[in-house]
Structure formats: C-alpha cells, structure tokens
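Engineer: Sharing final-v1.cif here; it has mmCIF, C-alpha atoms.
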```cif
data_target
#
loop_
_atom_site.label_atom_id
_atom_site.label_comp_id
_atom_site.auth_asym_id
_atom_site.auth_seq_id
_atom_site.Cartn_x
_atom_site.Cartn_y
_atom_site.Cartn_z
CA MET Y 1 54.91 -11.67 -4.21
CA GLY Y 2 55.12 -8.88 -1.62
CA ASN Y 3 53.24 -6.62 -3.98
CA ILE Y 4 50.38 -9.07 -4.29
CA ILE Y 5 50.04 -9.38 -0.54
CA LEU Y 6 50.08 -5.61 -0.22
CA LEU Y 7 47.45 -5.34 -2.93
CA ALA Y 8 45.28 -7.94 -1.23
CA LEU Y 9 45.67 -6.07 2.04
CA PHE Y 10 44.62 -2.82 0.36
CA GLY Y 11 41.70 -4.62 -1.19
CA ALA Y 12 40.60 -5.94 2.17
CA VAL Y 13 40.84 -2.52 3.78
CA PHE Y 14 38.87 -0.90 0.97
CA TYR Y 15 36.27 -3.64 1.16
CA TYR Y 16 35.89 -3.14 4.90
CA VAL Y 17 35.63 0.63 4.63
CA PHE Y 18 33.18 0.39 1.78
CA LYS Y 19 31.08 -2.18 3.60
CA SER Y 20 30.82 -0.26 6.84
CA TYR Y 21 30.07 2.91 4.92
CA SER Y 22 27.34 1.22 2.93
CA LYS Y 23 25.61 0.29 6.17
CA TYR Y 24 24.60 3.90 6.53
CA GLU Y 25 23.31 4.08 3.02
CA LYS Y 26 21.46 0.82 2.74
CA TYR Y 27 19.19 -1.22 4.93
CA SER Y 28 20.20 -4.74 5.68
CA LYS Y 29 19.25 -7.45 8.12
CA GLU Y 30 22.68 -6.93 9.64
CA ALA Y 31 21.88 -3.32 10.51
CA PHE Y 32 18.75 -4.30 12.40
CA LYS Y 33 19.94 -7.48 14.04
CA ASP Y 34 20.00 -6.03 17.55
CA PHE Y 35 16.81 -4.07 17.10
CA SER Y 36 14.23 -5.25 19.59
CA ILE Y 37 10.84 -4.88 18.05
CA SER Y 38 8.09 -3.17 19.91
CA HIS Y 39 5.38 -0.82 18.79
CA ASP Y 40 7.21 2.13 20.39
CA SER Y 41 10.70 1.40 19.14
CA LEU Y 42 9.46 0.79 15.62
CA LYS Y 43 7.35 3.92 15.65
CA ARG Y 44 10.36 6.02 16.60
CA SER Y 45 12.66 4.49 13.99
CA GLU Y 46 12.92 6.21 10.62
CA LEU Y 47 11.09 3.38 8.89
CA GLY Y 48 8.22 3.59 11.38
CA LEU Y 49 8.05 7.35 10.87
CA PHE Y 50 8.13 6.79 7.14
CA VAL Y 51 5.17 4.37 7.30
CA ALA Y 52 3.24 6.85 9.45
CA LEU Y 53 3.76 9.61 6.90
CA CYS Y 54 2.83 7.27 4.03
CA ALA Y 55 -0.50 6.78 5.79
CA LYS Y 56 -1.09 10.53 5.75
CA VAL Y 57 -0.29 10.81 2.05
CA ALA Y 58 -2.40 7.77 1.14
CA LYS Y 59 -5.45 9.03 3.04
CA ALA Y 60 -5.03 12.70 2.00
CA ASP Y 61 -7.73 12.58 -0.67
CA GLY Y 62 -10.16 10.75 1.59
CA ARG Y 63 -9.89 7.35 -0.03
CA VAL Y 64 -7.35 4.61 -0.53
CA ASP Y 65 -7.62 3.25 -4.05
CA ALA Y 66 -6.61 -0.16 -5.41
CA LEU Y 67 -3.12 0.70 -6.64
CA GLU Y 68 -2.35 2.67 -3.48
CA ALA Y 69 -3.34 -0.37 -1.42
CA GLU Y 70 -1.09 -2.61 -3.56
CA LEU Y 71 1.86 -0.26 -3.13
CA ILE Y 72 1.31 0.05 0.61
CA SER Y 73 1.02 -3.70 1.04
CA ASN Y 74 4.28 -4.22 -0.87
CA MET Y 75 5.96 -1.43 1.05
CA LEU Y 76 5.04 -3.03 4.39
CA ASP Y 77 6.48 -6.34 3.17
CA ASP Y 78 9.69 -4.71 1.96
CA ILE Y 79 10.28 -2.91 5.24
CA SER Y 80 9.35 -5.91 7.42
CA SER Y 81 11.80 -8.10 5.54
CA VAL Y 82 14.86 -6.27 6.93
CA PHE Y 83 13.84 -6.88 10.53
CA PRO Y 84 14.65 -10.07 12.42
CA GLU Y 85 10.98 -10.98 12.91
CA PRO Y 86 9.24 -9.99 9.68
CA ALA Y 87 5.74 -11.23 10.55
CA LYS Y 88 5.66 -9.51 13.91
CA THR Y 89 7.16 -6.36 12.42
CA LYS Y 90 4.57 -6.28 9.71
CA ASP Y 91 1.70 -6.54 12.19
CA ILE Y 92 3.11 -3.58 14.12
CA LEU Y 93 3.65 -1.57 10.93
CA LYS Y 94 0.04 -2.24 9.93
CA GLU Y 95 -1.08 -0.99 13.33
CA ILE Y 96 1.01 2.16 12.92
CA PHE Y 97 -0.39 2.71 9.44
CA ASN Y 98 -3.95 2.26 10.61
CA GLU Y 99 -3.62 4.56 13.60
CA GLU Y 100 -1.86 7.26 11.65
CA LYS Y 101 -4.23 7.42 8.70
CA GLU Y 102 -6.98 8.60 11.07
CA ARG Y 103 -5.23 11.72 12.31
CA THR Y 104 -3.72 14.78 10.68
CA ASP Y 105 -2.67 16.72 13.78
CA ASN Y 106 0.81 15.20 14.10
CA ILE Y 107 2.17 15.46 10.54
CA GLU Y 108 4.59 18.22 11.41
CA HIS Y 109 5.91 16.33 14.43
CA LEU Y 110 6.44 13.14 12.41
CA ALA Y 111 8.14 14.96 9.56
CA HIS Y 112 10.47 16.71 12.00
CA ALA Y 113 11.32 13.40 13.62
CA LEU Y 114 11.95 11.71 10.26
CA SER Y 115 14.16 14.59 9.19
CA HIS Y 116 16.11 14.29 12.42
CA ALA Y 117 16.41 10.49 12.20
CA THR Y 118 17.79 10.69 8.66
CA LYS Y 119 19.89 13.80 9.00
CA ARG Y 120 23.05 11.82 8.28
CA SER Y 121 21.89 10.86 4.82
CA LYS Y 122 20.48 13.36 2.36
CA ALA Y 123 20.21 10.52 -0.14
CA MET Y 124 17.83 8.66 2.17
CA GLN Y 125 15.70 11.76 2.66
CA GLN Y 126 15.56 12.14 -1.08
CA GLN Y 127 14.36 8.54 -1.53
CA PHE Y 128 11.70 8.92 1.15
CA MET Y 129 10.44 12.13 -0.41
CA GLN Y 130 10.37 10.48 -3.83
CA PHE Y 131 8.31 7.66 -2.38
CA PHE Y 132 5.76 10.04 -0.81
CA ILE Y 133 5.40 11.85 -4.11
CA GLN Y 134 5.01 8.67 -6.16
CA LEU Y 135 2.35 7.45 -3.71
CA ALA Y 136 0.41 10.66 -4.26
CA PHE Y 137 0.68 10.15 -8.02
CA ALA Y 138 -0.46 6.51 -7.79
CA ASP Y 139 -4.09 7.25 -8.64
CA GLY Y 140 -3.05 9.20 -11.76
CA GLU Y 141 -3.03 12.74 -10.48
CA VAL Y 142 -2.25 14.63 -7.32
CA SER Y 143 -5.27 16.21 -5.67
CA LYS Y 144 -5.12 19.59 -3.94
CA SER Y 145 -5.22 17.95 -0.51
CA GLU Y 146 -2.44 15.53 -1.43
CA GLU Y 147 -0.30 18.37 -2.72
CA LYS Y 148 -0.90 20.32 0.46
CA ILE Y 149 0.21 17.44 2.67
CA LEU Y 150 3.28 16.73 0.53
CA ALA Y 151 4.37 20.37 0.66
CA PHE Y 152 3.74 20.43 4.39
CA ILE Y 153 5.89 17.31 4.94
CA ALA Y 154 8.66 18.71 2.73
CA GLU Y 155 8.69 21.97 4.65
CA ALA Y 156 8.68 20.32 8.06
CA MET Y 157 11.54 18.05 6.93
CA GLN Y 158 13.39 21.17 5.80
CA PHE Y 159 13.68 19.55 2.42
CA ASP Y 160 15.24 21.80 -0.19
CA PRO Y 161 12.24 23.38 -1.99
CA GLN Y 162 14.01 23.29 -5.32
CA ALA Y 163 14.79 19.59 -4.98
CA TYR Y 164 11.17 18.98 -3.96
CA HIS Y 165 9.79 20.74 -7.01
CA ALA Y 166 12.27 18.96 -9.22
CA ILE Y 167 11.02 15.54 -8.04
CA PHE Y 168 7.42 16.66 -8.34
CA ASP Y 169 7.88 17.94 -11.88
CA GLN Y 170 9.71 14.76 -12.88
CA PHE Y 171 6.81 12.60 -11.78
CA GLU Y 172 4.28 14.89 -13.40
CA LYS Y 173 6.11 14.69 -16.69
CA MET Y 174 6.49 10.96 -16.40
CA MET Y 175 2.79 10.44 -15.74
CA HIS Y 176 2.02 12.32 -18.96
CA ASN Y 177 4.41 10.11 -20.85
CA VAL Y 178 3.09 6.76 -19.68
CA HIS Y 179 0.87 5.99 -22.61
CA PRO Y 180 -2.02 3.64 -22.34
CA GLN Y 181 -1.56 0.40 -24.24
CA ASN Y 182 -2.46 0.86 -27.85
CA THR Y 183 -4.87 -1.99 -27.98
CA LEU Y 184 -6.65 -4.32 -25.63
CA GLU Y 185 -4.55 -7.09 -27.10
CA ASP Y 186 -1.38 -5.31 -25.93
CA ALA Y 187 -2.85 -4.95 -22.46
CA TYR Y 188 -3.49 -8.70 -22.22
CA LYS Y 189 -0.01 -9.39 -23.50
CA LEU Y 190 1.59 -7.06 -20.97
CA LEU Y 191 -0.15 -8.85 -18.11
CA GLY Y 192 0.69 -12.21 -19.64
CA VAL Y 193 -2.93 -13.38 -19.71
CA ARG Y 194 -5.42 -14.46 -22.37
CA PRO Y 195 -8.65 -12.65 -23.27
CA ASP Y 196 -10.65 -15.71 -22.23
CA ASP Y 197 -9.06 -15.88 -18.76
CA GLU Y 198 -11.28 -15.18 -15.79
CA MET Y 199 -11.08 -11.82 -14.01
CA ALA Y 200 -9.72 -13.53 -10.89
CA THR Y 201 -6.81 -14.94 -12.90
CA ILE Y 202 -6.11 -11.55 -14.44
CA LYS Y 203 -6.22 -9.86 -11.05
CA LYS Y 204 -3.71 -12.40 -9.72
CA ALA Y 205 -1.38 -11.80 -12.68
CA TYR Y 206 -1.69 -8.04 -12.18
CA ARG Y 207 -0.82 -8.30 -8.48
CA LYS Y 208 2.14 -10.51 -9.18
CA LEU Y 209 3.52 -8.03 -11.72
CA VAL Y 210 3.02 -5.04 -9.44
CA ARG Y 211 4.83 -6.97 -6.71
CA GLU Y 212 7.69 -7.69 -9.08
CA TYR Y 213 8.14 -4.17 -10.44
CA HIS Y 214 6.88 -1.85 -7.70
CA PRO Y 215 9.19 0.83 -6.27
CA ASP Y 216 10.91 -0.83 -3.31
CA ILE Y 217 11.91 1.66 -0.62
CA ILE Y 218 14.49 -0.73 0.83
CA LYS Y 219 16.13 -1.70 -2.45
CA SER Y 220 16.09 1.92 -3.58
CA GLN Y 221 18.62 2.88 -0.90
CA GLY Y 222 21.98 3.22 -2.51
CA LYS Y 223 20.55 2.94 -6.00
CA SER Y 224 20.51 5.73 -8.53
CA GLU Y 225 17.92 8.45 -8.29
CA ALA Y 226 16.20 7.15 -11.37
CA TYR Y 227 15.26 3.89 -9.67
CA ILE Y 228 11.96 4.91 -8.04
CA LYS Y 229 10.98 6.83 -11.15
CA GLU Y 230 11.55 3.85 -13.42
CA ALA Y 231 9.80 1.45 -11.06
CA THR Y 232 6.86 3.86 -10.82
CA ALA Y 233 6.62 4.15 -14.60
CA LYS Y 234 6.59 0.37 -14.99
CA THR Y 235 3.97 0.01 -12.25
CA GLN Y 236 1.81 2.63 -13.95
CA GLU Y 237 2.08 0.79 -17.24
CA ILE Y 238 0.95 -2.46 -15.59
CA ASN Y 239 -1.86 -0.63 -13.84
CA GLN Y 240 -3.10 1.01 -17.02
CA ALA Y 241 -3.20 -2.31 -18.83
CA TYR Y 242 -5.25 -3.75 -15.97
CA GLU Y 243 -7.57 -0.71 -15.96
CA MET Y 244 -8.08 -1.09 -19.69
CA ILE Y 245 -9.07 -4.74 -19.38
CA LYS Y 246 -11.41 -3.99 -16.48
CA LYS Y 247 -13.12 -1.26 -18.48
CA ALA Y 248 -13.48 -3.46 -21.53
CA ARG Y 249 -15.18 -6.12 -19.44
CA GLY Y 250 -17.52 -3.62 -17.84
CA MET F 1 5.59 -32.13 -3.78
CA GLN F 2 3.87 -30.18 -6.51
CA LYS F 3 0.70 -30.22 -4.47
CA VAL F 4 2.51 -28.70 -1.52
CA PHE F 5 3.79 -25.91 -3.73
CA LEU F 6 0.37 -25.34 -5.17
CA ALA F 7 -1.18 -25.22 -1.70
CA LEU F 8 1.54 -22.87 -0.53
CA PHE F 9 1.09 -20.61 -3.53
CA GLY F 10 -2.65 -20.66 -3.02
CA PHE F 11 -2.19 -19.70 0.59
CA ILE F 12 0.16 -16.84 -0.24
CA SER F 13 -2.10 -15.36 -2.91
CA LEU F 14 -5.13 -15.83 -0.67
CA HIS F 15 -3.28 -14.05 2.07
CA ALA F 16 -2.33 -11.20 -0.27
CA ALA F 17 -5.93 -10.78 -1.39
CA ASP F 18 -7.08 -10.72 2.21
CA GLU F 19 -4.56 -8.03 3.08
CA MET F 20 -5.64 -5.93 0.13
CA GLY F 21 -9.22 -6.24 1.32
CA ALA F 22 -8.14 -5.15 4.80
CA LEU F 23 -6.25 -2.10 3.52
CA LEU F 24 -9.12 -1.08 1.27
CA PHE F 25 -11.75 -1.67 3.94
CA HIS F 26 -9.91 0.25 6.65
CA GLY F 27 -8.84 2.96 4.21
CA ASN F 28 -12.31 3.67 2.89
CA CYS F 29 -15.39 2.11 4.53
CA THR F 30 -14.58 2.83 8.17
CA THR F 31 -14.86 6.57 7.56
CA CYS F 32 -18.64 6.06 7.93
CA HIS F 33 -19.11 2.45 8.98
CA PHE F 34 -17.36 2.01 12.30
CA GLU F 35 -16.62 -1.57 13.11
CA LEU F 36 -18.63 -1.94 16.29
CA GLN F 37 -20.70 1.22 16.67
CA SER F 38 -23.51 2.60 14.57
CA LYS F 39 -23.10 6.35 14.23
CA SER F 40 -23.73 7.96 10.86
CA ALA F 41 -24.12 4.55 9.21
CA PRO F 42 -24.80 1.02 10.46
CA ALA F 43 -21.84 -0.61 12.23
CA MET F 44 -19.91 -3.18 10.23
CA ILE F 45 -20.80 -6.01 12.62
CA GLU F 46 -24.46 -5.21 11.97
CA VAL F 47 -24.07 -5.16 8.19
CA ARG F 48 -22.07 -8.37 8.31
CA LYS F 49 -24.63 -10.10 10.50
CA ARG F 50 -27.49 -9.20 8.17
CA TYR F 51 -25.63 -10.23 5.05
CA MET F 52 -24.53 -13.47 6.71
CA GLN F 53 -28.15 -14.30 7.45
CA ALA F 54 -29.22 -13.55 3.91
CA PHE F 55 -26.15 -14.98 2.14
CA PRO F 56 -24.41 -17.65 4.20
CA ILE F 57 -22.26 -18.74 1.25
CA LYS F 58 -19.23 -16.53 0.61
CA LYS F 59 -19.69 -16.38 -3.14
CA ASP F 60 -23.26 -15.06 -2.82
CA PHE F 61 -22.29 -12.70 -0.01
CA VAL F 62 -19.48 -11.16 -2.06
CA LYS F 63 -21.54 -10.92 -5.21
CA TYR F 64 -24.58 -9.30 -3.61
CA LEU F 65 -22.72 -6.91 -1.31
CA SER F 66 -20.33 -5.71 -4.03
CA GLU F 67 -23.13 -5.26 -6.55
CA TRP F 68 -25.29 -3.39 -4.10
CA VAL F 69 -22.55 -0.95 -3.03
CA HIS F 70 -21.63 -0.50 -6.69
CA ASN F 71 -25.17 0.67 -7.28
CA PRO F 72 -27.09 1.24 -4.05
CA SER F 73 -30.88 1.26 -4.32
CA VAL F 74 -33.80 1.12 -1.92
CA GLN F 75 -35.49 -1.58 -3.97
CA THR F 76 -32.68 -4.09 -3.73
CA SER F 77 -31.63 -3.36 -0.14
CA ILE F 78 -31.83 -6.07 2.50
CA MET F 79 -31.55 -3.45 5.25
CA GLN F 80 -34.64 -1.30 4.85
CA ASP F 81 -34.62 -0.31 8.51
CA ALA F 82 -31.07 1.06 8.16
CA ILE F 83 -32.11 3.13 5.13
CA ALA F 84 -35.05 4.52 7.11
CA LYS F 85 -32.69 5.48 9.90
CA TYR F 86 -29.56 6.66 8.03
CA GLU F 87 -30.83 7.22 4.46
CA LEU F 88 -29.65 5.36 1.39
CA MET F 89 -25.89 4.89 1.09
CA PRO F 90 -24.51 7.25 -1.59
CA GLN F 91 -23.05 5.84 -4.79
CA LEU F 92 -19.30 6.15 -4.28
CA SER F 93 -18.06 4.92 -7.66
CA TYR F 94 -15.70 2.28 -6.37
CA GLU F 95 -14.66 -0.33 -8.88
CA LYS F 96 -16.33 -3.72 -8.83
CA GLU F 97 -13.03 -5.52 -8.28
CA VAL F 98 -12.23 -3.31 -5.29
CA LEU F 99 -15.68 -3.92 -3.82
CA LYS F 100 -15.30 -7.68 -4.27
CA ASP F 101 -12.02 -7.65 -2.32
CA ILE F 102 -13.62 -5.62 0.43
CA ALA F 103 -16.74 -7.82 0.57
CA ALA F 104 -14.58 -10.97 0.82
CA TYR F 105 -12.64 -9.37 3.67
CA ILE F 106 -15.86 -8.49 5.51
CA TYR F 107 -17.14 -12.05 5.10
CA ASP F 108 -13.91 -13.46 6.54
CA THR F 109 -13.50 -11.02 9.41
CA ASP F 110 -15.06 -11.24 12.82
CA PHE F 111 -14.79 -7.60 13.82
CA THR F 112 -15.25 -8.35 17.49
CA GLN F 113 -11.98 -10.33 17.47
CA GLN F 114 -8.42 -9.26 16.70
CA HIS F 115 -7.99 -8.90 12.96
CA ALA F 116 -5.70 -7.53 10.29
CA LEU F 117 -4.78 -3.87 10.88
CA HIS F 118 -6.57 -4.04 14.21
CA PRO F 119 -4.58 -6.31 16.47
CA LYS F 120 -6.10 -4.70 19.52
CA SER F 121 -9.87 -4.68 19.42
CA LYS F 122 -11.14 -1.21 20.06
#
```
Could I get this structure in the form of structure tokens?
Structural biologist:
Amino acid sequence: MGNIILLALFGAVFYYVFKSYSKYEKYSKEAFKDFSISHDSLKRSELGLFVALCAKVAKADGRVDALEAELISNMLDDISSVFPEPAKTKDILKEIFNEEKERTDNIEHLAHALSHATKRSKAMQQQFMQFFIQLAFADGEVSKSEEKILAFIAEAMQFDPQAYHAIFDQFEKMMHNVHPQNTLEDAYKLLGVRPDDEMATIKKAYRKLVREYHPDIIKSQGKSEAYIKEATAKTQEINQAYEMIKKARG
Amino acid sequence: MQKVFLALFGFISLHAADEMGALLFHGNCTTCHFELQSKSAPAMIEVRKRYMQAFPIKKDFVKYLSEWVHNPSVQTSIMQDAIAKYELMPQLSYEKEVLKDIAAYIYDTDFTQQHALHPKSK
C-alpha cells in the first residue's frame, strides 16, 4: 500500500515538473492568461516579432500570392487563438503585419529582438526559422530577394549557419519531391470535389483543406522537427491539385 | 437548427474569403494604388467609385474588374481619363481567382472607414 502511495506521489511530482517545463516549450492559453493585449505589448512579444518578420519574408519578392495569403491568414488565427481575446489580438496582429510589410529598414532590429526573446529555447528558434523558410518556398521556389532576407534574418538571429542550410536544403529537396497529381481526376479526388462542381465550391474545399493541414506554428512547438516539413508537403500537394484544376478550366 | 449552422458556416467562409481578399489587396495592389491618394496610379477610392457607378451589382463589379485587370486594354477601360494621365495598367499575370477575391474585397470595403488590416484610417 505504502509503495503505491509513494508511486502516486512520484507520479504527481513528475507530472508537475513536466507540466511546468512544457510551458516553456509550448504555447498555451494558460501561458498568456495575464497578458494584457495592446499593440505595443504584442509587438514586443516573440509572437508579434515573428509576425513582423513573416511580413518581410512574404513581401520580399514584391507580391503576396494566393497560397502565401492562405498561410498567413491561418497563421494569424493560430497565434490569436492562444491569447485571451482572440478577435482583438488578431486585429492587432493584422495591423502589425500590414505596417511591417511596407518597410525593410528594421529587419535586423526585429531579428535581434526575436533572438533575444527566444534565447531560452533553441527549439523554438528552430521552429520559427523553419516557418520563415517554408513561407518563402510557398510559391514554389525561393527568389533571390527572399533568399537574401532569410539569410539576413538568420544571421541577425545568430542562427547556426549549418542548421540554417540544413533546413533550407530539406525544403528544397522536399519541393522537388512533391509530384503533381498524375491526372486531373486525382486532383479532383484529392480536393474531394467533382469535375462538374463550380469553381467557388472547389475554392472553398481547397481553403478548408489548407486550413486543416497547414503548418501550425503554435501546434508545432514541442512537436518533432519533421512536423512543419510534413505539413508543408501536404499543403503543397493540396495546392498543386488546385493549381491543376484551375489551369484545366482556363 | 440546421439553418443556424448553415448560416454560421456561410458567415465563417464568407469572412475567410474577405480576409483573403484583404491580405491579397494590401499585399499587392497598394504598392501602386494607394487607398486615398492618387500618385503613380489612381487611388483605390477613385477606382471603386467609378466601378460602383458602372457596376452597382457586386457580381458584375467583380466580373468586370477581375477580367479587366487580368487583361488590361484601352478599348475595354471605363477609366479613359486615368489611362491618359497614368498610362495603361501593366498586365501583372495574377490569377483570375486571386483577382476575383480582390475585386470582391474592393466592392465590400469603404476605404475611407476603418477596415480589415487598416483599423486606423491613414
């Protein structure tokens, strides 16, 4: 009997230690419950800094394309959802995104600040960097200007160059390996729509799938390194099927 | 009950489409078309006003605007004076579906008021 109580006690202690440790690794509503939301406080937090840097990466090649917009919209939802007032948070994040996409003079400052804010967790820095890189790959290939900004962010964050190149190469390889659907029929099947459905219906199905499978920066915390890569591959597959249908319909 | 769900779902997907339009509009168009000021291209409030006059129904507005931007031409323009002043808009090879989202957002947005991505009017 005494042994069981001791075991239960051990269990409880382990659970507590594990739980408080995981707070640093993962985002949760709990972690943000005392966070008072204002434009300034959000902008200084690591998630605000992350959104600001996403804006730079997204706008690096001069335009924001459809898949990039989908990923950004989902990302804003994911981040807002951990704050006590999601709607208000999202409005502020949108403001931050919109302000930041217009300027390129503060990238170094933001990257420094993000690096500082996340210095306790290398894993978190790794996830953020992975997300920046996957965003740059969203439109199929990384342009020179996108690559320049990514490298600049990595350097300012004092991100290990080898680790940076490893992530970059992984995504590059993965993008080569995402094969377009064999046939148009497969593309329709993947999106779960029929060839005689209207484009609006297909677009809705596409958005729903991207929302379901997109790389989620909040959920990715504490997950294996492969998570963002797998989610990106799935998103690319969905996107290519949609592209194929759009092309076929002219 | 089912109707409520349907309405709710409709609202959510409508909202999502609107947000996509906002992100695409602010991420692309505003590089040349400022919302309230005409500089290197006519201001968005001006374009919206002219299209509203010509196409008061959303469906027509979206169809005409997206088709024109997809393939800009002097012959089909409803803003000849703007072309005379700023030249013909270049063909930017945006996809039709992207242009439709953007056009729907422009139709729905009063740029002089607070709106998505621009809570403070500037």
Engineer: With distances taken over all atoms listed in the file, which residue among F:Lys96, F:Arg50, F:His33, F:Lys59 lies nearest chain Y?
Structural biologist: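 Going through F:Lys96, F:Arg50, F:His33, F:Lys59 one by one, the smallest distance to chain Y is for F:Lys96.
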Engineer: When you look at region 153-156 of chain Y with a cut-off of 7 Å (counting only C-alpha atoms), what residues show up, excluding the ones that are within fewer than 5 positions of it in the same chain? I need them as a list of chain:residue names.
Structural biologist: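 The filter keeps Y:Ile107, Y:Glu108, Y:Ala111, Y:His112.
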Engineer: Go ahead and save the residues from that selection, with C-alpha atoms, as a short mmCIF file (atom, residue, chain, number, x, y, z; two decimals), in the coordinates of the input.
Structural biologist:
```
data_model
loop_
_atom_site.label_atom_id
_atom_site.label_comp_id
_atom_site.auth_asym_id
_atom_site.auth_seq_id
_atom_site.Cartn_x
_atom_site.Cartn_y
_atom_site.Cartn_z
CA ILE Y 107 2.17 15.46 10.54
CA GLU Y 108 4.59 18.22 11.41
CA ALA Y 111 8.14 14.96 9.56
CA HIS Y 112 10.47 16.71 12.00
#
```
Engineer: Quick one: residues within 7 Å of region 45-51 of chain Y, only C-alpha atoms, excluding same-chain residues fewer than 2 positions away - as a count of residues only?
Structural biologist: 12
Engineer: If the PyMOL selection byres ((chain F and resi 112) around 10) were run on this exact file, what residues would it hold? Put them as a ChimeraX atom specification.
Structural biologist: /F:35-36,45,109-111,113-115,121-122
Engineer: Assuming the chain letters and numbering stay as they are in my file, what does the PyMOL selection byres ((chain Y) within 8 of (chain F)) actually select? List them as an mmCIF file with C-alpha atoms, in the coordinates of the input.
Structural biologist:
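And here is the file that came out, part33.cif:
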```cif
data_model
loop_
_atom_site.group_PDB
_atom_site.id
_atom_site.type_symbol
_atom_site.label_atom_id
_atom_site.label_comp_id
_atom_site.auth_asym_id
_atom_site.auth_seq_id
_atom_site.Cartn_x
_atom_site.Cartn_y
_atom_site.Cartn_z
ATOM 1 C CA LYS Y 59 -5.450 9.030 3.040
ATOM 2 C CA GLY Y 62 -10.160 10.750 1.590
ATOM 3 C CA ARG Y 63 -9.890 7.350 -0.030
ATOM 4 C CA VAL Y 64 -7.350 4.610 -0.530
ATOM 5 C CA ASP Y 65 -7.620 3.250 -4.050
ATOM 6 C CA ALA Y 66 -6.610 -0.160 -5.410
ATOM 7 C CA ALA Y 69 -3.340 -0.370 -1.420
ATOM 8 C CA GLU Y 70 -1.090 -2.610 -3.560
ATOM 9 C CA SER Y 73 1.020 -3.700 1.040
ATOM 10 C CA ASP Y 91 1.700 -6.540 12.190
ATOM 11 C CA LYS Y 94 0.040 -2.240 9.930
ATOM 12 C CA GLU Y 95 -1.080 -0.990 13.330
ATOM 13 C CA ASN Y 98 -3.950 2.260 10.610
ATOM 14 C CA LYS Y 101 -4.230 7.420 8.700
ATOM 15 C CA LYS Y 204 -3.710 -12.400 -9.720
#
```
Engineer: Could you tell me how far CA of Glu172 (chain Y) sits from CA of Ile228 (chain Y), in Å to one decimal place?
Structural biologist: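 If I compute the distance from CA of Ile228 (chain Y) to CA of Glu172 (chain Y), I get 13.7 Å.
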Engineer: Translate the PyMOL selection byres ((chain Y and resi 131) around 9), as applied to the file shown, into an explicit residue set as a list in words.
Structural biologist: Cys54, Gln126, Gln127, Phe128, Met129, Gln130, Phe132, Ile133, Gln134, Leu135, Ala136, Pro215, Asp216, Ile217 and Ile228 of chain Y
Engineer: Using only C-alpha atoms, which of the listed residues (Y:Lys144, Y:His116, Y:His176, Y:His39) sits closest to Phe159 (chain Y)?
Structural biologist: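 Closest candidate: Y:His116.
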Engineer: Calculated over only C-alpha atoms, which of the candidates F:Asp108, F:Glu87, F:Asp18, F:Glu46 has the smallest distance to Pro72 (chain F)?
Structural biologist: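 For Pro72 (chain F), the nearest of the given residues is F:Glu87.
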Engineer: I'd like the interatomic distance between CA of Glu99 (chain Y) and CA of Cys32 (chain F), to a tenth of an Å.
Structural biologist: 16.1 Å
Engineer: I need the residue nearest Ser143 (chain Y) from this list: Y:Asp77, Y:Glu212, Y:Glu102, Y:Asp61. Use all atoms listed in the file for the distance.
Structural biologist: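 Selected residue with least distance to Ser143 (chain Y): Y:Asp61.
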Engineer: Calculated over only C-alpha atoms, which of the candidates Y:Met157, Y:Ala231, Y:Leu150, Y:Val82 has the smallest distance to Ser28 (chain Y)?
Structural biologist: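 Closest to Ser28 (chain Y) of all the choices is Y:Val82.
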Engineer: Hey, can you check how far CA of Gly140 (chain Y) sits from CA of Glu198 (chain Y)?
Structural biologist: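 Going from CA of Gly140 (chain Y) over to CA of Glu198 (chain Y), I get 26.0 Å.
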Engineer: If we count all atoms listed in the file, what is near Glu237 (chain Y) at a cut-off of 12 Å, once residues fewer than 5 positions away on the same chain are taken out, given as a ChimeraX atom specification?
Structural biologist: /Y:67,138,140,174-182,186-187,190-191,206,209-210,213-214,230-232,242-244
Engineer: Find the residue from F:Ala103, F:Lys49, F:Ser77, F:Lys85 that sits nearest to Lys63 (chain F); use only C-alpha atoms when measuring.
Structural biologist: F:Ala103
